[in-house]
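*Asks:* As input, take entry_9.cif (mmCIF, C-alpha atoms):
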data_my_file
loop_
_atom_site.label_atom_id
_atom_site.label_comp_id
_atom_site.auth_asym_id
_atom_site.auth_seq_id
_atom_site.Cartn_x
_atom_site.Cartn_y
_atom_site.Cartn_z
CA HIS A 249 -6.80 -27.22 -23.99
CA LEU A 250 -5.14 -25.50 -21.02
CA ALA A 251 -1.52 -25.83 -19.99
CA THR A 252 0.44 -24.06 -17.27
CA SER A 253 3.58 -23.95 -19.38
CA LEU A 254 5.24 -25.29 -22.51
CA PRO A 255 6.42 -27.68 -23.78
CA LEU A 256 3.39 -29.93 -23.61
CA PRO A 257 4.15 -33.44 -22.32
CA SER A 258 5.36 -35.51 -25.24
CA GLU A 259 3.57 -38.70 -24.13
CA ARG A 260 0.27 -37.39 -25.46
CA ASP A 261 1.59 -36.05 -28.79
CA HIS A 262 -0.05 -38.74 -30.88
CA LEU A 263 -3.45 -38.11 -29.27
CA ARG A 264 -3.36 -34.36 -29.66
CA PRO A 265 -5.44 -32.66 -32.36
CA ARG A 266 -3.89 -29.98 -34.58
CA ILE A 267 -3.17 -26.75 -32.71
CA ASP A 268 -4.65 -23.75 -34.52
CA LEU A 269 -4.09 -20.94 -32.04
CA ILE A 270 -1.96 -20.47 -28.95
CA VAL A 271 -3.10 -17.85 -26.45
CA PHE A 272 -0.46 -16.96 -23.88
CA MET A 273 -2.09 -15.60 -20.77
CA ILE A 274 -0.22 -13.06 -18.72
CA ASP A 275 -1.61 -11.89 -15.40
CA ILE A 276 -0.62 -8.29 -14.87
CA LYS A 277 -0.49 -8.95 -11.15
CA SER A 278 2.10 -11.70 -11.51
CA LYS A 279 5.64 -11.12 -12.75
CA TYR A 280 5.99 -14.87 -12.65
CA SER A 281 3.35 -15.31 -15.35
CA LEU A 282 5.34 -13.07 -17.70
CA ARG A 283 8.55 -14.97 -17.07
CA ASN A 284 6.70 -18.25 -17.54
CA VAL A 285 5.31 -17.11 -20.89
CA GLU A 286 8.74 -15.88 -22.01
CA ALA A 287 10.25 -19.26 -21.18
CA SER A 288 7.41 -21.14 -22.91
CA LEU A 289 7.75 -19.10 -26.11
CA ALA A 290 11.08 -20.76 -26.76
CA HIS A 291 9.26 -24.07 -27.23
CA VAL A 292 6.92 -22.82 -29.94
CA ASP A 293 7.66 -23.64 -33.55
CA ALA A 294 8.37 -20.55 -35.66
CA SER A 295 5.46 -21.27 -38.01
CA PHE A 296 2.99 -20.43 -35.26
CA PHE A 297 4.15 -16.83 -35.23
CA LEU A 298 2.44 -16.20 -38.55
CA GLY A 299 -0.79 -15.20 -36.88
CA LYS A 300 -1.42 -18.28 -34.72
CA VAL A 301 -0.14 -16.81 -31.48
CA CYS A 302 -1.71 -14.13 -29.37
CA PHE A 303 -1.00 -12.68 -25.93
CA LEU A 304 -3.85 -12.12 -23.53
CA VAL A 305 -3.11 -9.81 -20.61
CA THR A 306 -5.57 -10.22 -17.76
CA GLY A 307 -6.26 -8.24 -14.62
CA VAL A 308 -5.86 -4.85 -16.26
CA GLY A 309 -8.82 -3.46 -14.37
CA ARG A 310 -6.74 -3.31 -11.21
CA VAL A 311 -4.23 -0.58 -11.98
CA ASN A 312 -2.97 -0.55 -8.42
CA ALA A 313 -2.03 -4.22 -8.45
CA CYS A 314 0.28 -4.01 -11.47
CA SER A 315 3.45 -6.02 -11.18
CA ILE A 316 4.27 -5.83 -14.85
CA GLU A 317 4.89 -2.82 -17.03
CA THR A 318 2.49 -2.75 -20.01
CA ASN A 319 5.37 -1.55 -22.17
CA ALA A 320 7.18 -4.81 -21.54
CA VAL A 321 4.21 -6.83 -22.78
CA CYS A 322 3.72 -4.66 -25.86
CA LYS A 323 7.41 -5.10 -26.69
CA LEU A 324 6.95 -8.85 -26.35
CA GLY A 325 4.05 -8.68 -28.81
CA GLU A 326 6.18 -6.70 -31.25
CA ALA A 327 9.12 -9.05 -30.92
CA TYR A 328 6.96 -12.06 -31.76
CA CYS A 329 4.75 -10.29 -34.34
CA SER A 330 1.66 -11.30 -32.42
CA PRO A 331 -1.31 -9.29 -31.16
CA VAL A 332 -1.65 -8.36 -27.50
CA LEU A 333 -5.17 -8.28 -26.09
CA PHE A 334 -5.95 -6.66 -22.76
CA CYS A 335 -8.90 -7.72 -20.64
CA GLU A 336 -10.30 -7.90 -17.16
CA LEU A 337 -11.69 -11.35 -16.40
CA GLU A 338 -13.48 -10.20 -13.30
CA LEU A 339 -15.93 -8.15 -15.35
CA GLU A 340 -18.46 -10.37 -17.06
CA GLY A 341 -19.07 -8.07 -20.01
CA ILE A 342 -15.39 -7.85 -20.91
CA ARG A 343 -14.94 -11.55 -20.30
CA VAL A 344 -17.66 -12.36 -22.81
CA VAL A 345 -16.39 -9.92 -25.43
CA THR A 346 -12.82 -11.22 -25.09
CA ALA A 347 -14.02 -14.81 -25.41
CA GLN A 348 -15.89 -13.87 -28.58
CA ARG A 349 -12.80 -12.20 -30.04
CA LEU A 350 -10.65 -15.22 -29.29
CA LEU A 351 -13.24 -17.52 -30.77
CA ARG A 352 -13.33 -15.43 -33.93
CA MET A 353 -9.54 -15.52 -34.17
CA LEU A 354 -9.62 -19.28 -33.65
CA GLN A 355 -12.18 -19.75 -36.41
CA ILE A 356 -9.93 -17.84 -38.79
CA CYS A 357 -6.80 -19.73 -37.73
CA ALA A 358 -8.61 -23.07 -38.14
CA GLY A 359 -9.56 -22.09 -41.68
CA HIS A 360 -13.30 -21.98 -41.01
CA ILE A 361 -13.75 -18.53 -42.49
CA PRO A 362 -13.40 -18.63 -46.26
CA GLY A 363 -11.11 -15.98 -47.73
CA VAL A 364 -9.41 -15.07 -44.45
CA SER A 365 -6.41 -16.88 -43.01
CA ALA A 366 -4.19 -16.44 -39.96
CA LEU A 367 -1.71 -14.59 -42.15
CA SER A 368 -4.17 -11.68 -42.30
CA PHE A 369 -3.38 -10.87 -38.66
CA VAL A 370 0.24 -9.97 -39.28
CA PRO A 371 -0.20 -6.88 -41.50
CA LEU A 372 -3.22 -5.85 -39.42
CA MET A 373 -0.99 -5.78 -36.39
CA ARG A 374 1.66 -3.66 -38.00
CA ASN A 375 -0.89 -1.04 -39.01
CA SER A 376 -2.13 -0.58 -35.46
CA ASP A 377 1.45 -0.16 -34.27
CA ASP A 378 1.98 2.73 -36.65
CA ASP A 379 -1.02 4.56 -35.24
CA GLU B 265 19.39 20.76 -1.56
CA ASN B 266 18.86 18.14 1.11
CA VAL B 267 18.46 20.66 3.88
CA VAL B 268 16.17 19.41 6.59
CA SER B 269 15.56 22.04 9.21
CA GLN B 270 14.03 21.62 12.63
CA LYS B 271 10.70 22.44 11.09
CA THR B 272 10.70 19.39 8.86
CA ALA B 273 11.95 16.97 11.50
CA PHE B 274 8.29 16.24 12.31
CA LEU B 275 8.01 14.36 9.00
CA LEU B 276 10.36 11.61 10.00
CA ARG B 277 9.46 8.29 11.56
CA LYS B 278 5.70 8.81 11.27
CA ALA B 279 3.33 6.69 9.19
CA TRP B 280 1.77 9.05 6.63
CA THR B 281 -1.32 8.13 4.63
CA LEU B 282 -1.08 9.37 1.06
CA TYR B 283 -3.61 11.14 -1.10
CA SER B 284 -3.46 12.82 -4.48
CA VAL B 285 -5.06 16.28 -4.62
CA THR B 286 -6.17 18.17 -7.69
CA PRO B 287 -5.05 21.84 -7.88
CA LEU B 288 -6.56 24.24 -5.35
CA TYR B 289 -8.61 27.07 -6.79
CA ARG B 290 -7.96 30.58 -5.39
CA PHE B 291 -5.78 29.44 -2.52
CA HIS B 292 -3.97 32.48 -1.09
CA ARG B 293 -0.92 31.99 1.03
CA ALA B 294 -1.50 35.33 2.77
CA ARG B 295 -4.78 34.06 4.18
CA LEU B 296 -3.51 31.04 6.11
CA ARG B 297 -4.70 32.39 9.45
CA ASP B 298 -8.17 33.02 8.01
CA TYR B 299 -8.27 29.48 6.69
CA ALA B 300 -7.32 28.15 10.12
CA ARG B 301 -10.22 30.04 11.67
CA LEU B 302 -12.68 28.90 9.01
CA LEU B 303 -11.58 25.28 9.29
CA SER B 304 -11.86 25.46 13.07
CA ALA B 305 -15.41 26.79 12.77
CA PHE B 306 -16.24 24.05 10.26
CA ILE B 307 -14.99 21.36 12.60
CA ALA B 308 -16.93 22.83 15.52
CA ALA B 309 -20.06 22.86 13.36
CA GLU B 310 -19.50 19.25 12.34
CA LYS B 311 -19.22 18.33 16.01
CA GLN B 312 -22.52 20.08 16.72
CA LYS B 313 -24.11 18.05 13.97
CA GLY B 314 -23.14 14.97 15.89
CA LEU B 315 -20.20 13.97 13.74
CA ALA B 316 -17.93 14.34 16.76
CA VAL B 317 -14.80 12.28 17.05
CA GLU B 318 -14.69 12.03 20.81
CA VAL B 319 -18.09 11.21 22.26
CA GLY B 320 -19.05 12.72 25.59
CA VAL B 321 -15.89 14.76 26.03
CA GLU B 322 -15.98 18.54 25.70
CA LEU B 323 -12.89 19.44 23.79
CA ASP B 324 -11.91 22.32 21.57
CA ILE B 325 -10.09 21.70 18.37
CA LYS B 326 -7.43 24.25 17.64
CA VAL B 327 -6.38 24.55 14.02
CA ALA B 328 -3.03 25.85 12.80
CA VAL B 329 -2.21 26.30 9.11
CA SER B 330 1.34 27.19 8.19
CA SER B 331 3.60 27.42 5.16
CA LEU B 332 6.82 25.39 5.02
CA ALA B 333 9.12 27.39 2.78
CA ASP B 334 11.92 24.77 2.73
CA LEU B 335 9.68 21.94 1.67
CA ARG B 336 9.73 22.02 -2.10
CA GLY B 337 11.85 20.72 -4.95
CA SER B 338 12.44 23.46 -7.46
CA GLU B 339 11.54 27.13 -7.57
CA GLN B 340 8.52 26.17 -9.69
CA ASP B 341 7.10 24.15 -6.82
CA GLN B 342 4.72 25.72 -4.36
CA ALA B 343 6.00 25.62 -0.79
CA ALA B 344 4.32 22.99 1.37
CA VAL B 345 1.31 23.80 3.53
CA LEU B 346 0.92 22.19 6.95
CA VAL B 347 -2.38 21.80 8.80
CA GLN B 348 -2.34 20.76 12.44
CA LEU B 349 -5.24 19.95 14.74
CA SER B 350 -4.69 20.09 18.49
CA LEU B 351 -6.96 19.27 21.37
CA ARG B 352 -7.33 21.83 24.10
CA SER B 353 -9.27 20.68 27.09
CA ARG B 354 -11.49 23.46 28.45
CA ALA B 355 -10.68 22.37 31.95
CA SER B 356 -6.95 22.75 31.52
CA SER B 357 -5.05 25.74 32.79
CA ARG B 358 -3.10 28.12 30.61
CA ASN B 359 0.10 26.20 31.29
CA SER B 360 -0.98 22.86 29.93
CA GLU B 361 0.09 22.16 26.36
CA ASP B 362 -2.25 21.47 23.52
CA LYS B 363 -2.14 17.91 22.38
CA LEU B 364 -1.46 17.46 18.67
CA VAL B 365 -4.01 14.95 17.39
CA TRP B 366 -3.80 15.26 13.63
CA SER B 367 -1.38 16.58 11.03
CA GLY B 368 -1.74 16.87 7.31
CA TRP B 369 0.49 18.56 4.77
CA PHE B 370 0.24 19.37 1.09
CA CYS B 371 3.40 19.41 -0.94
CA SER B 372 4.93 19.35 -4.39
CA VAL B 373 8.52 18.23 -5.00
CA TYR B 374 9.49 18.66 -8.66
CA GLY B 375 5.86 18.58 -9.66
CA ASP B 376 6.51 20.51 -12.87
CA ASP B 377 4.51 18.06 -14.97
CA LEU B 378 1.37 19.27 -13.30
CA SER B 379 2.10 22.93 -12.61
CA GLU B 380 3.60 23.69 -16.03
CA ASN B 381 0.49 24.81 -17.85
CA MET B 382 -1.70 25.62 -14.91
CA PRO B 383 -3.68 28.89 -15.00
CA GLU B 384 -2.77 31.52 -12.38
CA ASP B 385 -5.69 30.92 -10.05
CA PHE B 386 -4.65 27.37 -9.31
CA THR B 387 -2.14 26.22 -6.69
CA CYS B 388 -0.56 22.85 -7.40
CA LEU B 389 0.21 20.75 -4.35
CA PRO B 390 -0.62 17.28 -5.62
CA LEU B 391 0.62 15.23 -2.66
CA PHE B 392 -1.30 15.20 0.63
CA LEU B 393 0.02 13.27 3.64
CA THR B 394 -1.94 12.71 6.84
CA HIS B 395 -1.24 11.30 10.27
CA GLY B 396 -4.06 10.88 12.76
CA ALA B 397 -7.65 9.71 12.97
CA ASP B 398 -9.51 9.16 9.69
CA SER B 399 -12.47 11.14 10.97
CA TYR B 400 -10.32 14.28 11.19
CA THR B 401 -8.83 13.56 7.75
CA SER B 402 -12.33 13.33 6.38
CA MET B 403 -13.40 16.64 7.95
CA VAL B 404 -10.32 18.52 6.79
CA GLY B 405 -10.67 16.98 3.33
CA ARG B 406 -14.29 18.01 3.06
CA TRP B 407 -13.50 21.58 4.06
CA PHE B 408 -10.72 21.87 1.50
CA GLN B 409 -12.89 20.32 -1.20
CA LYS B 410 -15.72 22.71 -0.46
CA THR B 411 -13.47 25.78 -0.17
CA PHE B 412 -11.01 25.24 -3.00
CA ASP B 413 -12.98 22.95 -5.32
CA CYS B 414 -10.34 20.25 -5.26
CA CYS B 415 -10.61 16.48 -5.16
CA PHE B 416 -8.81 14.04 -2.86
CA ARG B 417 -8.15 10.42 -3.68
CA ARG B 418 -6.29 7.78 -1.72
CA LEU B 419 -2.99 7.07 -3.41
CA ALA B 420 -2.40 3.36 -3.73
CA ILE B 421 1.07 2.11 -4.65
CA SER B 422 1.30 -0.76 -7.14
CA PRO B 423 3.79 -3.63 -6.76
CA LEU B 424 5.59 -2.19 -9.79
CA ASN B 425 6.12 1.13 -8.02
CA LEU B 426 7.04 -0.58 -4.75
CA SER B 427 9.79 -2.48 -6.53
CA TRP B 428 11.14 0.83 -7.90
CA MET B 429 11.16 2.18 -4.37
CA VAL B 430 12.98 -0.76 -2.83
CA ALA B 431 15.59 -0.77 -5.61
CA MET B 432 16.20 2.98 -5.29
CA TRP B 433 16.26 3.07 -1.53
CA ALA B 434 18.29 -0.11 -1.03
CA GLY B 435 20.96 1.49 -3.19
CA CYS B 436 21.22 4.62 -1.07
CA GLN B 437 24.48 5.25 0.68
CA LEU B 438 23.97 5.62 4.41
CA ASP B 439 26.53 6.56 7.01
CA LYS B 440 25.28 4.63 9.98
CA ALA B 441 24.46 0.95 10.24
CA ALA B 442 21.27 0.50 8.29
CA SER B 443 18.30 -1.70 9.08
CA ALA B 444 17.45 -4.71 6.94
CA VAL B 445 15.80 -4.38 3.54
CA GLU B 446 12.48 -6.13 3.90
CA LEU B 447 9.90 -7.09 1.31
CA VAL B 448 6.49 -8.37 2.33
CA PHE B 449 4.42 -10.42 -0.11
CA SER B 450 0.82 -11.46 0.12
CA VAL B 451 -0.04 -14.80 -1.44
CA PRO B 452 -3.27 -14.69 -3.45
CA TYR B 453 -5.99 -17.26 -3.94
CA LEU B 454 -5.66 -18.93 -0.55
CA SER B 455 -8.50 -19.48 1.91
CA GLN B 456 -6.30 -18.20 4.73
CA PRO B 457 -4.28 -15.08 3.94
CA LEU B 458 -0.56 -15.77 3.91
CA ASP B 459 2.16 -13.16 4.12
CA ILE B 460 5.78 -13.85 3.29
CA SER B 461 8.43 -11.56 4.70
CA TYR B 462 11.80 -11.55 2.95
CA ALA B 463 14.57 -9.75 4.81
CA ILE B 464 17.93 -8.99 3.22
CA HIS B 465 21.04 -7.64 4.84
CA PRO B 466 21.28 -4.00 3.77
CA GLU B 467 24.87 -4.30 2.64
CA ASP B 468 24.04 -7.29 0.44
CA ALA B 469 21.11 -5.43 -1.07
CA LYS B 470 23.25 -2.37 -1.77
CA ALA B 471 26.03 -4.53 -3.24
CA LEU B 472 23.50 -6.21 -5.54
CA TRP B 473 22.08 -2.89 -6.67
CA ASP B 474 25.56 -1.53 -7.31
CA THR B 475 26.32 -4.38 -9.70
CA VAL B 476 23.04 -3.81 -11.52
CA GLN B 477 22.98 -0.03 -11.84
CA LYS B 478 25.02 1.19 -14.79
CA MET B 479 24.86 4.98 -14.50
CA PRO B 480 24.84 6.44 -11.00
CA GLY B 481 21.95 8.84 -10.62
CA GLU B 482 19.93 7.11 -13.34
CA ILE B 483 17.59 4.19 -12.85
CA THR B 484 15.88 2.23 -15.62
CA GLN B 485 13.01 -0.24 -15.51
CA GLU B 486 15.39 -2.94 -16.78
CA GLU B 487 17.72 -2.41 -13.84
CA VAL B 488 14.86 -2.62 -11.36
CA ASP B 489 13.67 -5.83 -13.07
CA VAL B 490 17.13 -7.41 -12.87
CA PHE B 491 17.44 -6.44 -9.21
CA MET B 492 14.07 -7.96 -8.35
CA ASP B 493 14.67 -11.06 -10.47
CA CYS B 494 17.89 -11.70 -8.53
CA LEU B 495 16.03 -11.46 -5.24
CA TYR B 496 13.27 -13.76 -6.53
CA ALA B 497 15.77 -16.27 -7.89
CA HIS B 498 17.67 -16.36 -4.61
CA PHE B 499 14.48 -16.96 -2.67
CA HIS B 500 13.35 -19.66 -5.08
CA ARG B 501 16.67 -21.45 -4.81
CA HIS B 502 16.23 -21.76 -1.07
CA PHE B 503 12.51 -22.15 -0.62
CA LYS B 504 11.17 -23.28 -4.00
CA ILE B 505 8.60 -20.49 -3.89
CA HIS B 506 8.08 -18.08 -6.78
CA LEU B 507 7.72 -14.72 -5.07
CA SER B 508 7.11 -13.20 -8.49
CA ALA B 509 3.69 -14.86 -8.47
CA ALA B 510 2.75 -13.21 -5.18
CA LYS B 511 1.76 -9.62 -4.60
CA LEU B 512 4.40 -7.29 -3.24
CA VAL B 513 2.56 -5.31 -0.57
CA LYS B 514 5.21 -3.61 1.50
CA VAL B 515 8.85 -2.60 1.22
CA SER B 516 11.03 -1.40 4.02
CA THR B 517 14.54 0.04 3.96
CA ALA B 518 16.61 2.28 6.21
CA VAL B 519 15.63 5.26 4.04
CA ALA B 520 11.87 4.76 4.03
CA SER B 521 9.14 2.16 4.02
CA ALA B 522 6.03 2.02 1.86
CA HIS B 523 2.84 -0.04 1.87
CA CYS B 524 0.61 -0.67 -1.14
CA ASP B 525 -2.37 0.92 0.63
CA GLY B 526 -0.54 4.23 0.27
CA ILE B 527 1.18 4.52 3.62
CA VAL B 528 4.80 5.65 3.88
CA LYS B 529 7.26 6.27 6.64
CA ILE B 530 10.33 8.38 5.94
CA LEU B 531 13.11 7.32 8.25
CA HIS B 532 16.14 9.22 7.10
CA SER B 533 16.32 12.94 6.44
CA GLN B 534 19.12 12.61 3.92
CA TYR B 535 16.84 11.30 1.20
CA LEU B 536 13.67 13.17 2.11
CA SER B 537 13.66 15.13 -1.13
CA GLY B 538 14.11 12.03 -3.27
CA VAL B 539 11.31 10.15 -1.54
CA LEU B 540 8.92 13.11 -1.81
CA MET B 541 9.82 13.57 -5.46
CA LEU B 542 8.84 9.97 -6.21
CA LEU B 543 5.60 10.29 -4.26
CA THR B 544 4.76 13.58 -5.98
CA GLU B 545 5.21 11.81 -9.30
CA LEU B 546 2.83 9.03 -8.26
CA ALA B 547 0.27 11.57 -7.09
CA ILE B 548 0.47 13.46 -10.36
CA SER B 549 0.01 10.32 -12.45
CA GLN B 550 -3.07 9.46 -10.42
CA ILE B 551 -4.52 12.91 -11.09
CA GLN B 552 -3.83 12.97 -14.80
#
Rewrite the structure of this file - the entire thing - as structure tokens.
*Replies:*
Amino acid sequence: HLATSLPLPSERDHLRPRIDLIVFMIDIKSKYSLRNVEASLAHVDASFFLGKVCFLVTGVGRVNACSIETNAVCKLGEAYCSPVLFCELELEGIRVVTAQRLLRMLQICAGHIPGVSALSFVPLMRNSDDD
Amino acid sequence: ENVVSQKTAFLLRKAWTLYSVTPLYRFHRARLRDYARLLSAFIAAEKQKGLAVEVGVELDIKVAVSSLADLRGSEQDQAAVLVQLSLRSRASSRNSEDKLVWSGWFCSVYGDDLSENMPEDFTCLPLFLTHGADSYTSMVGRWFQKTFDCCFRRLAISPLNLSWMVAMWAGCQLDKAASAVELVFSVPYLSQPLDISYAIHPEDAKALWDTVQKMPGEITQEEVDVFMDCLYAHFHRHFKIHLSAAKLVKVSTAVASAHCDGIVKILHSQYLSGVLMLLTELAISQIQ
């Protein structure tokens, strides 16, 4: 399901399936997308931040078109205890790999992988920060 | 510190195309006249090969290479090097002046990050600025690359860096009446390209920056963000357009203007050093 911002319209609440993973997409070429994500985060229930939220930064291949500082996004990830993935959608190889990663994360969050739950992401994240 | 002599007046009010240059190997300042001769011969040879700029016109290219002692930041910086190409028509008499057709200069203003651990044989002048036909730029570049084993790359300026520039320069104190602060945005994903030009009265821009900046002489990313967010919010209030979703492609102030393709114009001598310092920094980060 794709949405341009949160909250989702309440009229369809009763029809909506359970949400297992929220991926916030930030376009590095658009400051607006960062502000939009920051505003939308306020509408997310705290329970999602136990591994069911991730930030996906797109457009990183174009260094010269950066409108957002990568530091700012990393700080956002830290503040919300959620992983930040970087990708370049214009390159097919990276697009495919990123999609596979997200799918894997989704499978874990939906409980399809026995023995691994969304909570596993949180300590994994902290370790990579210490590196 | 902000001394701009007659010699450096040529820098002002010209559109310079920016390049980053890796350190020059075995560049000797004492040999500038030799280099001028060698470059002149190279250009003549290129013309013979048919890579001439002017077709069907017999013209000599005169090359001058000089050192600009004033143009540097600290004592650690190498003094700038200026290369000038002039056309001298064979038919002209001794009295007629040579016509300057191309200028390019290498410089380093507070480029310590690069020159710090550089071995002796290398000269660090990471910023290269050119004005004139691309064909001449290409010839001069090729000669330098072949002679000093260096590498030139066009220096693009990201929207993030452009917003730093506009915030810094809009906040500069200027004596005379300043021109408007202008930001040009390009709107993506449209079939027809659309540019939005946002002009702000220079006093308003300076007043805004003054309320944002906490420590004079220091600028943080947060302050630049607040400054830009205020401008975006103001525009949105009036036109319901989110400029933050568009691409900032050009900024223009009374101090200087800069375009994302790596083209700058320095308009005011007072802040020459500051502008060059920022550009040197960008050049160095592109090299590293």
*Asks:* To one decimal place, how far is CA of Leu426 in chain B from CA of Tyr453 in chain B in Å?
*Replies:*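 One can read the CA of Leu426 in chain B to CA of Tyr453 in chain B distance as 21.2 Å.
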*Asks:* Go through chain B and flag each residue having an atom no more than 8 Å from chain A; for those, report the closest pair of atoms plus their distance in Å to one decimal, using all atoms listed in the file, ordered by chain and rising number, as CSV.
*Replies:*
residue,atom,partner,partner_atom,distance
B:Ala420,CA,A:Asn312,CA,6.1
B:Ile421,CA,A:Asn312,CA,6.1
B:Ser422,CA,A:Asn312,CA,4.5
B:Pro423,CA,A:Ser315,CA,5.0
B:Leu424,CA,A:Ser315,CA,4.6
B:His506,CA,A:Tyr280,CA,7.0
B:Leu507,CA,A:Tyr280,CA,7.8
B:Ser508,CA,A:Tyr280,CA,4.6
B:Ala509,CA,A:Ser278,CA,4.7
B:Ala510,CA,A:Ser278,CA,6.5
B:Lys511,CA,A:Lys277,CA,7.0
*Asks:* By how many Å are CA of Phe274 in chain B and CA of Thr401 in chain B apart?
*Replies:*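 Going from CA of Phe274 in chain B over to CA of Thr401 in chain B covers 17.9 Å.
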*Asks:* Would you please work out which residue, of B:Leu276, B:Leu282, B:Leu458, B:Ala469, is nearest to Arg418 in chain B when using only C-alpha atoms?
*Replies:* B:Leu282
*Asks:* If you apply the PyMOL selection byres ((chain B and resi 336-340) around 6) to this file, what residues do you get, as a VMD selection string?
*Replies:* chain B and resid 334 to 335 341 343 372 to 374
*Asks:* What lies within 7 Å of Leu254 in chain A using only C-alpha atoms, ignoring chain neighbours under 2 positions off, as a count of residues only?
*Replies:* 3
*Asks:* Pick the closest to Asp377 in chain B from B:Leu454, B:Leu512, B:Ile460, B:Ala547: which is it, counting only C-alpha atoms?
*Replies:*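 Closest to Asp377 in chain B, using only C-alpha atoms: B:Ala547.
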*Asks:* Around the point (24.5, 9.4, 2.0), in the coordinates given by the file, pick out the residues reaching within 8 Å, counting all atoms listed in the file, and return them as a ChimeraX atom specification.
*Replies:* /B:436-439,534-535
*Asks:* Could you state which residues are captured by the PyMOL selection byres ((chain B and resi 397) around 10) in this file, as a ChimeraX atom specification?
*Replies:* /B:317,365-367,394-396,398-402
*Asks:* Closest to Leu304 in chain A among A:Met273, A:Cys322, A:Ser258, A:Val370, using only C-alpha atoms?
*Replies:*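 Using only C-alpha atoms, the shortest distance to Leu304 in chain A belongs to A:Met273.
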*Asks:* Can you write range 300-320 of chain A from the block above with C-alpha atoms, as an mmCIF file, in the first residue's frame?
*Replies:*
data_model
loop_
_atom_site.group_PDB
_atom_site.id
_atom_site.type_symbol
_atom_site.label_atom_id
_atom_site.label_comp_id
_atom_site.auth_asym_id
_atom_site.auth_seq_id
_atom_site.Cartn_x
_atom_site.Cartn_y
_atom_site.Cartn_z
ATOM 1 C CA LYS A 300 8.431 -2.251 12.153
ATOM 2 C CA VAL A 301 9.610 1.052 10.735
ATOM 3 C CA CYS A 302 12.416 1.672 8.314
ATOM 4 C CA PHE A 303 13.645 4.682 6.363
ATOM 5 C CA LEU A 304 14.522 4.305 2.717
ATOM 6 C CA VAL A 305 16.615 7.095 1.225
ATOM 7 C CA THR A 306 16.464 7.191 -2.559
ATOM 8 C CA GLY A 307 18.417 9.057 -5.193
ATOM 9 C CA VAL A 308 21.771 8.650 -3.470
ATOM 10 C CA GLY A 309 23.496 7.948 -6.764
ATOM 11 C CA ARG A 310 23.260 11.610 -7.678
ATOM 12 C CA VAL A 311 25.640 13.246 -5.228
ATOM 13 C CA ASN A 312 25.388 16.573 -7.001
ATOM 14 C CA ALA A 313 21.627 16.791 -6.607
ATOM 15 C CA CYS A 314 21.610 16.453 -2.816
ATOM 16 C CA SER A 315 19.174 18.713 -1.033
ATOM 17 C CA ILE A 316 19.363 16.846 2.239
ATOM 18 C CA GLU A 317 22.322 16.195 4.471
ATOM 19 C CA THR A 318 22.812 12.439 5.053
ATOM 20 C CA ASN A 319 23.666 13.215 8.668
ATOM 21 C CA ALA A 320 20.169 14.564 9.186
#
